[in-house]
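Q: File name my_file23.cif; file contents mmCIF, C-alpha atoms and all ligand atoms; full text below.
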```cif
data_data
#
loop_
_atom_site.group_PDB
_atom_site.id
_atom_site.type_symbol
_atom_site.label_atom_id
_atom_site.label_comp_id
_atom_site.auth_asym_id
_atom_site.auth_seq_id
_atom_site.Cartn_x
_atom_site.Cartn_y
_atom_site.Cartn_z
ATOM 1 C CA MET A 1 -139.076 -78.661 -124.040
ATOM 2 C CA LYS A 2 -138.058 -75.378 -125.616
ATOM 3 C CA TYR A 3 -139.551 -76.509 -128.929
ATOM 4 C CA PHE A 4 -142.867 -77.356 -127.278
ATOM 5 C CA PHE A 5 -142.932 -73.870 -125.839
ATOM 6 C CA ILE A 6 -142.320 -72.318 -129.267
ATOM 7 C CA LEU A 7 -144.907 -74.618 -130.831
ATOM 8 C CA GLY A 8 -147.365 -73.633 -128.088
ATOM 9 C CA LEU A 9 -146.795 -69.939 -128.782
ATOM 10 C CA ALA A 10 -147.245 -70.520 -132.504
ATOM 11 C CA LEU A 11 -150.532 -72.373 -131.935
ATOM 12 C CA LEU A 12 -151.732 -69.680 -129.560
ATOM 13 C CA SER A 13 -151.094 -67.055 -132.199
ATOM 14 C CA LEU A 14 -153.183 -69.115 -134.635
ATOM 15 C CA SER A 15 -156.235 -69.206 -132.360
ATOM 16 C CA ASN A 16 -159.517 -67.439 -133.198
ATOM 17 C CA SER A 17 -158.566 -64.163 -131.601
ATOM 18 C CA TYR A 18 -155.385 -63.866 -133.680
ATOM 19 C CA ALA A 19 -156.774 -61.845 -136.585
ATOM 20 C CA ILE A 20 -158.628 -59.348 -134.421
ATOM 21 C CA SER A 21 -155.539 -58.606 -132.329
ATOM 22 C CA ARG A 22 -153.529 -57.257 -135.253
ATOM 23 C CA PRO A 23 -153.923 -53.654 -136.405
ATOM 24 C CA ASP A 24 -155.490 -54.736 -139.704
ATOM 25 C CA GLY A 25 -157.743 -57.155 -137.792
ATOM 26 C CA HIS A 26 -160.269 -54.348 -138.008
ATOM 27 C CA ALA A 27 -161.224 -53.167 -141.490
ATOM 28 C CA PRO A 28 -160.479 -49.538 -142.502
ATOM 29 C CA ILE A 29 -162.607 -47.334 -140.233
ATOM 30 C CA GLY A 30 -165.122 -46.387 -142.949
ATOM 31 C CA ILE A 31 -166.325 -50.007 -142.836
ATOM 32 C CA MET A 32 -168.644 -51.088 -140.028
ATOM 33 C CA GLY A 33 -169.488 -54.515 -138.691
ATOM 34 C CA ASP A 34 -166.452 -56.274 -140.162
ATOM 35 C CA HIS A 35 -165.788 -58.334 -137.031
ATOM 36 C CA GLY A 36 -167.554 -59.956 -134.110
ATOM 37 C CA HIS A 37 -166.457 -60.316 -130.479
ATOM 38 C CA SER A 38 -166.128 -63.336 -128.200
ATOM 39 C CA LYS A 39 -168.928 -64.128 -125.766
ATOM 40 C CA GLY A 40 -169.115 -61.551 -122.972
ATOM 41 C CA ASP A 41 -166.701 -59.076 -124.622
ATOM 42 C CA TRP A 42 -167.588 -55.420 -125.155
ATOM 43 C CA MET A 43 -166.262 -52.815 -127.535
ATOM 44 C CA LEU A 44 -166.874 -49.081 -127.416
ATOM 45 C CA SER A 45 -166.125 -46.795 -130.328
ATOM 46 C CA VAL A 46 -166.341 -43.115 -131.122
ATOM 47 C CA ARG A 47 -166.075 -42.024 -134.730
ATOM 48 C CA GLN A 48 -165.876 -38.441 -135.917
ATOM 49 C CA MET A 49 -166.634 -38.031 -139.613
ATOM 50 C CA GLN A 50 -166.456 -34.888 -141.705
ATOM 51 C CA MET A 51 -167.748 -34.667 -145.236
ATOM 52 C CA GLN A 52 -166.970 -31.574 -147.297
ATOM 53 C CA MET A 53 -168.944 -30.647 -150.413
ATOM 54 C CA GLU A 54 -167.994 -27.789 -152.722
ATOM 55 C CA LYS A 55 -169.043 -28.564 -156.276
ATOM 56 C CA LEU A 56 -172.245 -29.309 -158.121
ATOM 57 C CA PHE A 57 -172.403 -32.039 -160.721
ATOM 58 C CA ASP A 58 -174.935 -33.114 -163.272
ATOM 59 C CA ASP A 59 -174.389 -36.649 -164.508
ATOM 60 C CA SER A 60 -170.562 -36.872 -164.540
ATOM 61 C CA SER A 61 -169.522 -33.261 -165.013
ATOM 62 C CA GLU A 62 -169.471 -30.052 -163.074
ATOM 63 C CA ILE A 63 -172.372 -27.670 -163.661
ATOM 64 C CA ASP A 64 -172.854 -23.936 -163.204
ATOM 65 C CA VAL A 65 -176.391 -23.853 -161.824
ATOM 66 C CA PHE A 66 -177.201 -20.207 -162.587
ATOM 67 C CA ASP A 67 -175.817 -20.354 -166.144
ATOM 68 C CA GLU A 68 -177.308 -23.684 -167.096
ATOM 69 C CA THR A 69 -180.621 -23.933 -165.185
ATOM 70 C CA ASN A 70 -183.462 -21.726 -163.948
ATOM 71 C CA PHE A 71 -182.956 -22.256 -160.220
ATOM 72 C CA MET A 72 -183.114 -19.037 -158.172
ATOM 73 C CA MET A 73 -180.907 -20.436 -155.416
ATOM 74 C CA SER A 74 -178.085 -22.939 -155.283
ATOM 75 C CA PRO A 75 -175.937 -24.474 -152.557
ATOM 76 C CA LYS A 76 -172.317 -23.307 -152.740
ATOM 77 C CA SER A 77 -170.761 -25.524 -150.091
ATOM 78 C CA MET A 78 -171.805 -27.873 -147.339
ATOM 79 C CA THR A 79 -170.028 -29.455 -144.381
ATOM 80 C CA MET A 80 -171.463 -32.410 -142.549
ATOM 81 C CA ASN A 81 -169.993 -33.432 -139.216
ATOM 82 C CA MET A 82 -171.170 -36.666 -137.723
ATOM 83 C CA THR A 83 -170.258 -38.126 -134.336
ATOM 84 C CA MET A 84 -170.974 -41.830 -134.059
ATOM 85 C CA LEU A 85 -171.083 -43.703 -130.781
ATOM 86 C CA GLY A 86 -170.929 -47.469 -131.170
ATOM 87 C CA VAL A 87 -171.318 -50.345 -128.737
ATOM 88 C CA MET A 88 -170.613 -53.996 -129.543
ATOM 89 C CA TYR A 89 -171.330 -56.913 -127.239
ATOM 90 C CA GLY A 90 -170.554 -60.588 -127.794
ATOM 91 C CA VAL A 91 -173.798 -62.417 -127.044
ATOM 92 C CA SER A 92 -172.123 -65.685 -128.029
ATOM 93 C CA ASP A 93 -168.923 -66.519 -129.907
ATOM 94 C CA GLN A 94 -170.951 -66.322 -133.147
ATOM 95 C CA TRP A 95 -173.366 -63.440 -132.456
ATOM 96 C CA THR A 96 -172.363 -59.895 -131.619
ATOM 97 C CA LEU A 97 -174.934 -57.218 -130.893
ATOM 98 C CA MET A 98 -174.227 -53.773 -132.342
ATOM 99 C CA LEU A 99 -175.766 -50.419 -131.439
ATOM 100 C CA MET A 100 -174.928 -47.127 -133.115
ATOM 101 C CA LEU A 101 -176.052 -43.624 -132.133
ATOM 102 C CA ASN A 102 -175.350 -40.557 -134.258
ATOM 103 C CA TYR A 103 -175.152 -36.827 -133.770
ATOM 104 C CA VAL A 104 -175.242 -34.729 -136.943
ATOM 105 C CA ASP A 105 -174.168 -31.121 -137.526
ATOM 106 C CA ASN A 106 -174.737 -29.673 -141.019
ATOM 107 C CA LYS A 107 -173.801 -26.289 -142.431
ATOM 108 C CA MET A 108 -174.623 -25.039 -145.897
ATOM 109 C CA ASP A 109 -173.850 -21.813 -147.770
ATOM 110 C CA VAL A 110 -176.476 -20.907 -150.323
ATOM 111 C CA GLU A 111 -176.069 -18.432 -153.201
ATOM 112 C CA ARG A 112 -178.841 -16.411 -154.826
ATOM 113 C CA LYS A 113 -179.073 -15.858 -158.560
ATOM 114 C CA SER A 114 -179.965 -12.237 -157.831
ATOM 115 C CA GLY A 115 -176.655 -11.842 -155.994
ATOM 116 C CA GLY A 116 -176.164 -10.416 -152.528
ATOM 117 C CA GLU A 117 -174.822 -12.163 -149.496
ATOM 118 C CA ASP A 118 -174.850 -15.929 -149.207
ATOM 119 C CA ILE A 119 -177.448 -17.442 -146.910
ATOM 120 C CA GLU A 120 -176.057 -19.616 -144.131
ATOM 121 C CA MET A 121 -178.155 -22.595 -143.194
ATOM 122 C CA SER A 122 -177.568 -25.084 -140.432
ATOM 123 C CA SER A 123 -179.159 -28.112 -138.833
ATOM 124 C CA PHE A 124 -177.951 -30.263 -135.978
ATOM 125 C CA GLY A 125 -179.197 -32.895 -133.593
ATOM 126 C CA ILE A 126 -179.604 -36.625 -133.160
ATOM 127 C CA GLY A 127 -179.348 -38.576 -136.417
ATOM 128 C CA ASP A 128 -180.716 -42.017 -137.251
ATOM 129 C CA SER A 129 -179.697 -44.946 -135.035
ATOM 130 C CA ALA A 130 -178.850 -48.518 -135.904
ATOM 131 C CA ILE A 131 -179.243 -51.772 -134.038
ATOM 132 C CA GLY A 132 -178.176 -55.080 -135.460
ATOM 133 C CA GLY A 133 -176.549 -58.442 -135.160
ATOM 134 C CA ILE A 134 -173.164 -59.468 -136.504
ATOM 135 C CA TYR A 135 -172.857 -63.174 -137.235
ATOM 136 C CA THR A 136 -169.385 -64.680 -137.653
ATOM 137 C CA LEU A 137 -169.851 -67.401 -140.271
ATOM 138 C CA PHE A 138 -166.247 -68.477 -139.899
ATOM 139 C CA GLU A 139 -162.997 -67.114 -138.558
ATOM 140 C CA ASN A 140 -159.534 -68.627 -138.390
ATOM 141 C CA GLU A 141 -155.952 -67.426 -138.578
ATOM 142 C CA SER A 142 -156.121 -66.762 -142.302
ATOM 143 C CA SER A 143 -159.649 -65.602 -143.097
ATOM 144 C CA ARG A 144 -162.928 -64.303 -141.721
ATOM 145 C CA LEU A 145 -166.471 -64.137 -143.099
ATOM 146 C CA VAL A 146 -169.014 -62.020 -141.239
ATOM 147 C CA MET A 147 -172.663 -61.228 -141.942
ATOM 148 C CA ASN A 148 -174.615 -58.209 -140.656
ATOM 149 C CA LEU A 149 -178.354 -57.887 -140.311
ATOM 150 C CA GLY A 150 -179.970 -54.910 -138.640
ATOM 151 C CA PHE A 151 -182.404 -52.027 -138.491
ATOM 152 C CA SER A 152 -181.956 -48.341 -139.086
ATOM 153 C CA LEU A 153 -184.233 -46.428 -136.700
ATOM 154 C CA PRO A 154 -185.685 -43.020 -137.667
ATOM 155 C CA THR A 155 -184.445 -41.042 -134.657
ATOM 156 C CA GLY A 156 -183.223 -38.156 -136.862
ATOM 157 C CA SER A 157 -185.547 -35.289 -137.735
ATOM 158 C CA VAL A 158 -186.926 -34.792 -141.272
ATOM 159 C CA SER A 159 -188.625 -31.464 -140.513
ATOM 160 C CA ARG A 160 -185.750 -29.025 -139.958
ATOM 161 C CA ASP A 161 -186.617 -25.481 -141.079
ATOM 162 C CA ARG A 162 -184.937 -22.110 -141.435
ATOM 163 C CA SER A 163 -187.232 -19.165 -140.636
ATOM 164 C CA GLY A 164 -190.261 -21.197 -141.580
ATOM 165 C CA SER A 165 -188.878 -22.708 -144.821
ATOM 166 C CA ARG A 166 -188.155 -26.394 -144.947
ATOM 167 C CA LEU A 167 -184.444 -27.181 -145.435
ATOM 168 C CA GLY A 168 -183.454 -29.420 -148.372
ATOM 169 C CA TYR A 169 -183.091 -33.212 -148.341
ATOM 170 C CA PRO A 170 -179.306 -33.229 -147.648
ATOM 171 C CA MET A 171 -179.823 -30.973 -144.596
ATOM 172 C CA GLN A 172 -182.377 -33.213 -142.855
ATOM 173 C CA LEU A 173 -180.918 -35.262 -140.011
ATOM 174 C CA GLY A 174 -182.388 -38.646 -140.817
ATOM 175 C CA ALA A 175 -184.439 -40.646 -143.290
ATOM 176 C CA GLY A 176 -187.670 -40.417 -141.329
ATOM 177 C CA SER A 177 -188.500 -44.075 -141.969
ATOM 178 C CA SER A 178 -187.238 -47.335 -140.515
ATOM 179 C CA GLY A 179 -184.845 -49.300 -142.678
ATOM 180 C CA VAL A 180 -183.178 -52.679 -142.824
ATOM 181 C CA TYR A 181 -179.575 -53.282 -143.751
ATOM 182 C CA SER A 182 -177.455 -56.296 -144.462
ATOM 183 C CA SER A 183 -173.827 -56.776 -145.350
ATOM 184 C CA LEU A 184 -171.311 -59.489 -145.997
ATOM 185 C CA ASN A 185 -167.710 -58.931 -145.068
ATOM 186 C CA TYR A 186 -164.780 -61.136 -146.047
ATOM 187 C CA ALA A 187 -161.104 -60.728 -145.204
ATOM 188 C CA VAL A 188 -157.970 -62.784 -145.856
ATOM 189 C CA PHE A 189 -154.974 -62.362 -143.529
ATOM 190 C CA LYS A 190 -151.352 -62.782 -144.597
ATOM 191 C CA ASN A 191 -148.020 -62.138 -142.912
ATOM 192 C CA TRP A 192 -147.623 -58.804 -144.677
ATOM 193 C CA GLY A 193 -151.205 -57.594 -144.214
ATOM 194 C CA SER A 194 -154.684 -58.391 -145.419
ATOM 195 C CA LEU A 195 -157.225 -58.068 -148.215
ATOM 196 C CA GLY A 196 -160.898 -57.489 -147.599
ATOM 197 C CA SER A 197 -164.239 -56.794 -149.216
ATOM 198 C CA GLU A 198 -167.687 -55.724 -148.180
ATOM 199 C CA VAL A 199 -171.024 -55.701 -149.952
ATOM 200 C CA LYS A 200 -173.826 -53.816 -148.241
ATOM 201 C CA LEU A 201 -177.492 -53.021 -148.850
ATOM 202 C CA LYS A 202 -179.798 -50.672 -146.962
ATOM 203 C CA THR A 203 -183.424 -50.146 -147.813
ATOM 204 C CA TYR A 204 -186.209 -48.134 -146.176
ATOM 205 C CA LEU A 205 -189.508 -49.772 -145.372
ATOM 206 C CA SER A 206 -192.119 -47.043 -145.697
ATOM 207 C CA GLU A 207 -192.858 -43.419 -146.439
ATOM 208 C CA ASN A 208 -191.973 -40.994 -143.630
ATOM 209 C CA ASN A 209 -194.312 -38.438 -142.055
ATOM 210 C CA GLN A 210 -193.285 -35.840 -144.697
ATOM 211 C CA GLU A 211 -194.551 -38.234 -147.389
ATOM 212 C CA TYR A 212 -191.371 -39.441 -149.010
ATOM 213 C CA GLN A 213 -189.102 -42.457 -148.752
ATOM 214 C CA ARG A 214 -185.333 -42.310 -149.174
ATOM 215 C CA GLY A 215 -183.872 -44.515 -151.903
ATOM 216 C CA SER A 216 -182.128 -47.798 -151.180
ATOM 217 C CA GLU A 217 -178.337 -47.685 -150.857
ATOM 218 C CA TYR A 218 -175.894 -50.226 -152.256
ATOM 219 C CA SER A 219 -172.181 -50.256 -151.655
ATOM 220 C CA LEU A 220 -169.194 -52.368 -152.514
ATOM 221 C CA SER A 221 -165.711 -51.951 -151.019
ATOM 222 C CA PHE A 222 -162.372 -53.637 -151.639
ATOM 223 C CA TRP A 223 -159.318 -52.883 -149.560
ATOM 224 C CA GLY A 224 -155.758 -53.885 -148.907
ATOM 225 C CA SER A 225 -153.989 -53.299 -145.581
ATOM 226 C CA TYR A 226 -150.249 -53.413 -145.162
ATOM 227 C CA LEU A 227 -148.595 -54.017 -141.794
ATOM 228 C CA LEU A 228 -146.051 -51.231 -141.303
ATOM 229 C CA ALA A 229 -145.258 -52.435 -137.770
ATOM 230 C CA ASP A 230 -146.726 -54.809 -135.175
ATOM 231 C CA GLN A 231 -149.148 -52.121 -134.073
ATOM 232 C CA LEU A 232 -149.641 -50.097 -137.236
ATOM 233 C CA ALA A 233 -151.308 -50.815 -140.584
ATOM 234 C CA ALA A 234 -151.900 -48.585 -143.608
ATOM 235 C CA SER A 235 -154.829 -49.216 -145.930
ATOM 236 C CA ILE A 236 -156.164 -48.316 -149.351
ATOM 237 C CA ARG A 237 -159.867 -48.868 -150.060
ATOM 238 C CA LEU A 238 -161.946 -48.542 -153.211
ATOM 239 C CA GLU A 239 -165.645 -47.937 -152.643
ATOM 240 C CA HIS A 240 -168.527 -47.779 -155.054
ATOM 241 C CA LYS A 241 -171.874 -46.587 -153.741
ATOM 242 C CA ALA A 242 -175.227 -46.187 -155.465
ATOM 243 C CA VAL A 243 -178.360 -44.515 -154.113
ATOM 244 C CA ASP A 244 -181.847 -44.991 -155.599
ATOM 245 C CA PRO A 245 -184.237 -42.075 -156.209
ATOM 246 C CA ILE A 246 -186.405 -40.681 -153.441
ATOM 247 C CA MET A 247 -190.021 -41.802 -153.764
ATOM 248 C CA GLY A 248 -192.668 -39.214 -152.967
ATOM 249 C CA GLU A 249 -191.898 -35.648 -151.972
ATOM 250 C CA ASP A 250 -191.891 -33.252 -149.031
ATOM 251 C CA GLU A 251 -194.330 -30.657 -150.327
ATOM 252 C CA LYS A 252 -193.156 -28.032 -147.849
ATOM 253 C CA MET A 253 -189.832 -27.752 -149.709
ATOM 254 C CA GLY A 254 -190.788 -25.859 -152.842
ATOM 255 C CA SER A 255 -188.452 -25.826 -155.868
ATOM 256 C CA MET A 256 -186.179 -22.774 -155.576
ATOM 257 C CA SER A 257 -182.958 -24.794 -155.208
ATOM 258 C CA PRO A 258 -181.716 -28.202 -156.443
ATOM 259 C CA VAL A 259 -181.506 -29.513 -152.845
ATOM 260 C CA LEU A 260 -185.317 -29.222 -152.620
ATOM 261 C CA LEU A 261 -186.154 -31.552 -155.514
ATOM 262 C CA PRO A 262 -186.620 -35.261 -154.744
ATOM 263 C CA ASN A 263 -185.509 -36.367 -158.227
ATOM 264 C CA LEU A 264 -182.074 -34.680 -157.864
ATOM 265 C CA GLN A 265 -180.823 -36.646 -154.853
ATOM 266 C CA HIS A 266 -179.684 -39.992 -156.289
ATOM 267 C CA GLY A 267 -176.774 -41.378 -158.265
ATOM 268 C CA GLN A 268 -173.546 -43.233 -157.783
ATOM 269 C CA ARG A 269 -169.975 -42.502 -156.861
ATOM 270 C CA THR A 270 -166.577 -44.170 -156.647
ATOM 271 C CA PHE A 271 -164.142 -43.181 -153.909
ATOM 272 C CA VAL A 272 -160.602 -44.061 -152.918
ATOM 273 C CA HIS A 273 -159.829 -43.970 -149.185
ATOM 274 C CA LEU A 274 -156.407 -43.990 -147.537
ATOM 275 C CA GLY A 275 -156.269 -45.011 -143.904
ATOM 276 C CA THR A 276 -154.332 -46.166 -140.886
ATOM 277 C CA ASN A 277 -155.190 -48.508 -137.987
ATOM 278 C CA TYR A 278 -153.041 -48.223 -134.905
ATOM 279 C CA ILE A 279 -153.090 -50.228 -131.649
ATOM 280 C CA MET A 280 -151.697 -48.379 -128.628
ATOM 281 C CA ASN A 281 -149.807 -50.214 -125.874
ATOM 282 C CA SER A 282 -152.902 -49.833 -123.709
ATOM 283 C CA GLY A 283 -154.912 -51.798 -126.283
ATOM 284 C CA ASP A 284 -156.888 -48.758 -127.419
ATOM 285 C CA ARG A 285 -157.268 -48.501 -131.164
ATOM 286 C CA LEU A 286 -156.931 -45.282 -133.149
ATOM 287 C CA ALA A 287 -158.025 -45.192 -136.761
ATOM 288 C CA PHE A 288 -158.044 -42.634 -139.540
ATOM 289 C CA GLU A 289 -159.343 -42.614 -143.071
ATOM 290 C CA TYR A 290 -159.320 -39.938 -145.788
ATOM 291 C CA GLY A 291 -161.498 -40.409 -148.845
ATOM 292 C CA THR A 292 -161.583 -38.500 -152.118
ATOM 293 C CA PRO A 293 -163.717 -39.144 -155.218
ATOM 294 C CA LEU A 294 -162.604 -40.844 -158.430
ATOM 295 C CA ALA A 295 -165.889 -40.654 -160.332
ATOM 296 C CA PHE A 296 -169.528 -39.584 -160.084
ATOM 297 C CA GLN A 297 -172.706 -40.121 -161.969
ATOM 298 C CA VAL A 298 -175.508 -38.188 -160.301
ATOM 299 C CA SER A 299 -178.954 -36.831 -161.054
ATOM 300 C CA GLY A 300 -178.101 -33.168 -160.820
ATOM 301 C CA PRO A 301 -177.496 -30.405 -160.240
ATOM 302 C CA GLN A 302 -176.342 -32.130 -157.059
ATOM 303 C CA MET A 303 -173.652 -31.300 -154.541
ATOM 304 C CA ILE A 304 -170.919 -33.909 -154.411
ATOM 305 C CA PRO A 305 -168.423 -34.654 -151.623
ATOM 306 C CA ASN A 306 -164.810 -33.746 -152.334
ATOM 307 C CA SER A 307 -163.496 -35.291 -149.131
ATOM 308 C CA ILE A 308 -164.587 -37.560 -146.309
ATOM 309 C CA VAL A 309 -162.381 -37.746 -143.227
ATOM 310 C CA THR A 310 -162.978 -40.165 -140.343
ATOM 311 C CA LEU A 311 -161.117 -40.295 -137.036
ATOM 312 C CA ALA A 312 -161.934 -42.956 -134.476
ATOM 313 C CA TRP A 313 -161.138 -44.427 -131.117
ATOM 314 C CA GLN A 314 -162.065 -48.003 -130.212
ATOM 315 C CA LYS A 315 -161.565 -50.056 -127.090
ATOM 316 C CA ALA A 316 -162.473 -53.666 -126.405
ATOM 317 C CA PHE A 317 -162.724 -55.060 -122.877
HETATM 318 CU CU CU B 401 -165.652 -54.418 -132.321
#
```
Can the structure in the file be given as structure tokens, please?
Ligand SMILES: [Cu+2]
A:
Amino acid sequence: MKYFFILGLALLSLSNSYAISRPDGHAPIGIMGDHGHSKGDWMLSVRQMQMQMEKLFDDSSEIDVFDETNFMMSPKSMTMNMTMLGVMYGVSDQWTLMLMLNYVDNKMDVERKSGGEDIEMSSFGIGDSAIGGIYTLFENESSRLVMNLGFSLPTGSVSRDRSGSRLGYPMQLGAGSSGVYSSLNYAVFKNWGSLGSEVKLKTYLSENNQEYQRGSEYSLSFWGSYLLADQLAASIRLEHKAVDPIMGEDEKMGSMSPVLLPNLQHGQRTFVHLGTNYIMNSGDRLAFEYGTPLAFQVSGPQMIPNSIVTLAWQKAF
């Protein structure tokens, strides 16, 4: 009788919900749409992301804009804060509906070649939204394969100004055009932790009302998570991301600073991210990830991120 009970417990722990109930059952927090939910289940999440940029690169090396180019102005630093509100709902055991709303707050310090005080620029407001489906192709105690398909909606402004001058491409709050995205997410679960990967593509469908179209984005991530305790996992993630050139141009931007030129906004980067996933006794999840760059290759002069920090709370019910 006792053995049946133990066997029963073991089988229960091997059921479909097993992977998702462990701390590494969710991918590192920088990854979205890595899991689905059972029919009728909801999940709410709030993510707070901060990206800090302090250097300018051309190709793969740092550049001094005023020494090496003719630009009259150049960004010195930029901070982007993004608050992301996510809702997931299990429409069936295979399909989960996902909705994501964003609030963006950007600050940029700009230097003038002629000297004098830096110019402070800012932009904030609703960013682009996303709505999509997550399809669980298969999930068992040892692995999970999930596909995402969705739309990016142009709810973020592309016409933010400062005293009548159009702010640069990185300071606009959205893409201005609708986009489609798709990703494939695979994870393998072991006793000690898990290994996962994601490949993702996002592409915009048309020119926006300022007559340009953001370039397509491609990213590839690999991660390993290690179970430090029943409720705590630590992760390391390698990410490579490439962005295509902007097509067209916002003619209100001019050409005083590198952030105003459409052909200086693309390139690729490789990041390493260290993170933790923690499940509280209440079932709430807390997650953290810190990312720092390993390599860049950008069309510059272009500002590059030197850190990306994400903090998140998630709750399923
Ligand atoms: Cu979820």
Q: Starting from the shown file, work through the PyMOL selection byres (((chain A and resi 168) around 9) and not hetatm) and note down what comes out as a list in words.
A: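 On the file shown, the PyMOL selection byres (((chain A and resi 168) around 9) and not hetatm) covers Arg160, Asp161, Arg166, Leu167, Tyr169, Pro170, Met171, Gln172, Met253, Ser257, Pro258, Val259, Leu260 and Leu261 of chain A.
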Q: For ligand CU 401 (chain B), list the contacting residues at 7 Å or closer, counting all atoms listed in the file, as a list in words.
A: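 Based on all atoms listed in the file, ligand CU 401 (chain B) is surrounded within 7 Å by His35, Gly36, His37, Met43, Met88 and Ala316 of chain A.
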Q: Please evaluate the PyMOL selection byres (((chain A and resi 95-110) around 6) and not hetatm) against the displayed coordinates and give the resulting residues as a PyMOL selection string.
A: chain A and resi 36+74-94+111+118-127+129-135
Q: Quick one: of A:Leu184, A:Met32, A:Leu286, A:Ala295, who's nearest to Gln314 (chain A), counting all atoms listed in the file?
A: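 Going through A:Leu184, A:Met32, A:Leu286, A:Ala295 one by one, the smallest distance to Gln314 (chain A) is for A:Leu286.
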Q: Report as a list in words the residues that result from applying the PyMOL selection byres (((chain A and resi 188) around 9) and not hetatm) to the structure here.
A: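 Evaluating the PyMOL selection byres (((chain A and resi 188) around 9) and not hetatm) on this file yields Glu141, Ser142, Ser143, Arg144, Tyr186, Ala187, Phe189, Lys190, Gly193, Ser194, Leu195 and Gly196 of chain A.
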Q: Given the choices A:His266, A:Lys252, A:Lys55, A:Arg214, which gets closest to Pro305 (chain A) if the distance is worked out from all atoms listed in the file?
A: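 Selected residue with least distance to Pro305 (chain A): A:Lys55.
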Q: Could you tell me which of A:Leu205, A:Trp313, A:Val298, A:Gly176 comes closest to Asp250 (chain A) if we count all atoms listed in the file?
A: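 When distances to Asp250 (chain A) are compared using all atoms listed in the file, the smallest one comes from A:Gly176.
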Q: I'd like to know which of A:Asn209, A:Ser165, A:Thr155, A:Ser216 is closest to Gln268 (chain A), using all atoms listed in the file.
A: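 When distances to Gln268 (chain A) are compared using all atoms listed in the file, the smallest one comes from A:Ser216.
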Q: Between CA of Lys315 (chain A) and CA of Gly30 (chain A), what is the distance in Å, rounded to a tenth?
A: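 Straight-line distance from CA of Lys315 (chain A) to CA of Gly30 (chain A) works out to 16.7 Å.
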Q: Rank A:Ala287, A:Ile246, A:Met73, A:Val309 by their smallest atom-to-atom distance to Pro23 (chain A), using only C-alpha atoms, and report the top residue only.
A: A:Ala287
Q: Restricting the calculation to all atoms listed in the file: of A:Trp223, A:Tyr204, A:Phe288, A:Phe317, which residue gets closest to Val272 (chain A)?
A: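 The closest residue to Val272 (chain A) is A:Trp223.
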Q: Leaving out Pro154 (chain A) and any residue of its chain fewer than 3 positions from it, which residues lie within 6 Å of it when counting only C-alpha atoms, given as a ChimeraX atom specification?
A: /A:128,176-178
